[in-house]
Every structure is written in C-alpha cells, then in structure tokens.
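Colleague: Pasting a structure below so you can have a look.
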Amino acid sequence: MTLVNPFRLTIGPYWLLVPEEAKILAEVKIPPPGAARSAPTYWTILMERFSMSVSLDPLQDLSQLKKYIDYSTQSAAATKTLVVNGLQGVTYGSYMPRTWIDWHFKKGDTMICLNLQARGSDGLQPTTGEELTHRAIVESLKYCRDHAEENPPGG
C-alpha cells in the first residue's frame, strides 16, 4: 500500500513517510537534577485511532528489544528479524489481544525504535486500511545517507 499525499519525516539519520493527516508531536525529556545529563527526544505520530512513538538510541543494538520485553512483560520473548530498505531490524508484538507492536532498526551508530499502540481502548482492532497504513509507514523507513540523492537541494 502507498500512503496518499504523505510527507517525509526526518528523525536523526532516518526518513519515514507519514500520512498527510497525521499530527506529529515531539517531546524532550529533560533530566531531573542529579540525573544523567542527557535529554532524549521522543516523537509521536498521531493517527485517528492509533499512535506510533519513535525514538533514537545511539547506545544499544537490536538485541535490546528482546532484553526489554523479557525484563518488562514476559520471559523468553521471540523477536522476529526483518529487513526494510536494506535496514536490519527486529520486531515483536501484534494487534491481539491489544495493539502493541515494536520495531527496532539499526544502521551506522544509531538505532531507531518504533512502537505502535491503539489510542484509547485496549481492545481496539485496526481496520484493513489502518493496518495497511501502519505497514506502509514502517516499510517506508530509509537511512538518509543511503538515499542522499532523494533529497535535492532546496527540496
């Protein structure tokens, strides 16, 4: 599926296409006094019934997703590997029983982490169109430096 009138969102060294009607929020987490002096930024792509959060991680690798799931929700989680536009990645999650799907991709020194969740009710299931839109966003992900010719000066 292709997105209708998408725009390209640049997050660190990555690009992804986002539906024209999506709203983008960015939040900088300022550390409290005495904490590590790092202020990570989180982006949220708000769609009608779903949201996709995006963050960058310059320290971890793709194995971090499994470690996080094993620690936070269940043990012995089985992540799946995938490749999108030459980017190695892992994914975990599903739309059932509640929407929670993670994708982590890494090229170079920075990993991009995407997390899709339903907004509101835990039992919210996507329509076929919504599921295709989610897939199209993830499948549009590119590493900027591999696609510099797609960003003409002034464009």
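In the structure tokens, chains take letters A, B, ... by order of appearance, with residues numbered from 1 within each chain and ligands from 1 in the order shown.
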I'd like to know which residues of region 12-140 of chain A are strand (DSSP E) (by DSSP, run on the backbone); could you write them as a ChimeraX atom specification?
Modeller: /A:14-18,23-28,41-46,50-57,80-84,87-94,100-107,110-118
Colleague: Give me, as a tab-separated table, the closest atom pair and its distance (Å, one decimal) for every residue of region 86-153 of chain A within a cut-off of 6 Å of region 51-75 of chain A, counting only C-alpha atoms, rows sorted by chain and rising number.
Modeller:
```
residue	atom	partner	partner_atom	distance
A:Asp109	CA	A:Pro58	CA	5.8
A:Thr110	CA	A:Pro58	CA	4.2
A:Met111	CA	A:Asp57	CA	5.0
A:Ile112	CA	A:Leu56	CA	4.6
A:Cys113	CA	A:Ser55	CA	5.3
A:Leu114	CA	A:Val54	CA	4.6
A:Asn115	CA	A:Ser53	CA	5.1
A:Leu116	CA	A:Met52	CA	4.3
A:Gln117	CA	A:Ser51	CA	5.6
```
Colleague: For Lys107 (chain A), find every residue with an atom within 10 Å (counting only C-alpha atoms), except residues of its own chain fewer than 6 positions away, and show them as a compact mmCIF listing (two decimals) with C-alpha atoms, in the first residue's frame.
Modeller:
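Ended up saving to part_7.txt:
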```
# COMPACT_ATOMS: atom_id res chain seq x y z
CA PRO A 13 19.68 9.73 10.22
CA TYR A 14 16.34 8.16 9.20
CA ASP A 61 21.82 -2.71 19.47
CA GLY A 86 18.37 -2.54 3.48
CA LEU A 87 17.94 -1.83 7.21
CA GLN A 88 18.34 -4.78 9.57
CA GLY A 89 15.63 -4.89 12.20
CA LYS A 142 15.12 4.64 4.99
CA TYR A 143 18.58 5.50 6.20
```
Colleague: Quick one: contact table of region 22-92 of chain A to region 122-134 of chain A, 12 Å max, nearest atom pair and distance in Å to one decimal per residue, counting only C-alpha atoms, chain and number order, as CSV?
Modeller:
```
residue,atom,partner,partner_atom,distance
A:Ala22,CA,A:Thr133,CA,11.1
A:Ile45,CA,A:His134,CA,10.7
A:Leu46,CA,A:His134,CA,11.5
A:Met47,CA,A:Glu130,CA,9.2
A:Glu48,CA,A:Glu130,CA,9.3
A:Arg49,CA,A:Pro126,CA,8.2
A:Phe50,CA,A:Pro126,CA,8.5
A:Ser51,CA,A:His134,CA,9.6
A:Met52,CA,A:His134,CA,8.6
```
Colleague: Using only C-alpha atoms, can you tell me which of A:Pro33, A:Pro19, A:Pro40, A:Gly93 comes closest to Asn5 (chain A)?
Modeller: A:Pro19
Colleague: So how many Å separate CA of Val4 (chain A) and CA of Gly120 (chain A), to one decimal?
Modeller: 25.2 Å
Colleague: Could you pull the residues within 6 Å of Val90 (chain A), counting only C-alpha atoms, minus those fewer than 3 positions along the same chain, as a compact mmCIF listing (two decimals) with N, CA and C atoms, in the first residue's frame?
Modeller:
```txt
# COMPACT_ATOMS: atom_id res chain seq x y z
N LYS A 80 11.24 -11.30 15.91
CA LYS A 80 11.44 -11.72 14.52
C LYS A 80 12.37 -10.74 13.85
N THR A 81 13.26 -11.25 13.02
CA THR A 81 14.14 -10.37 12.26
C THR A 81 13.45 -9.95 10.97
N LEU A 82 13.80 -8.78 10.48
CA LEU A 82 13.27 -8.30 9.21
C LEU A 82 14.24 -7.32 8.60
N TRP A 103 9.16 -2.13 16.57
CA TRP A 103 10.14 -2.38 15.51
C TRP A 103 11.39 -1.61 15.88
N HIS A 104 12.54 -2.26 15.83
CA HIS A 104 13.82 -1.59 16.03
C HIS A 104 14.68 -1.85 14.79
```
Colleague: Which of these, A:Thr91, A:Ser140, A:Thr99, A:Asn85, has the shortest distance to Thr10 (chain A) once you count only C-alpha atoms?
Modeller: A:Ser140
Colleague: So that I can check the secondary structure, give me every residue of region 59-136 of chain A assigned alpha helix (DSSP H) by backbone DSSP, as a list in words.
Modeller: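 So, restricting region 59-136 of chain A to alpha helix (DSSP H), we get Gln64, Leu65, Lys66, Lys67, Tyr68, Ile69, Asp70, Tyr71, Ser72, Thr128, Gly129, Glu130, Glu131, Leu132, Thr133, His134, Arg135 and Ala136 of chain A.
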Colleague: Pick the closest to Pro6 (chain A) from A:Thr44, A:Arg145, A:Ile137, A:Glu150: which is it, counting only C-alpha atoms?
Modeller: A:Ile137
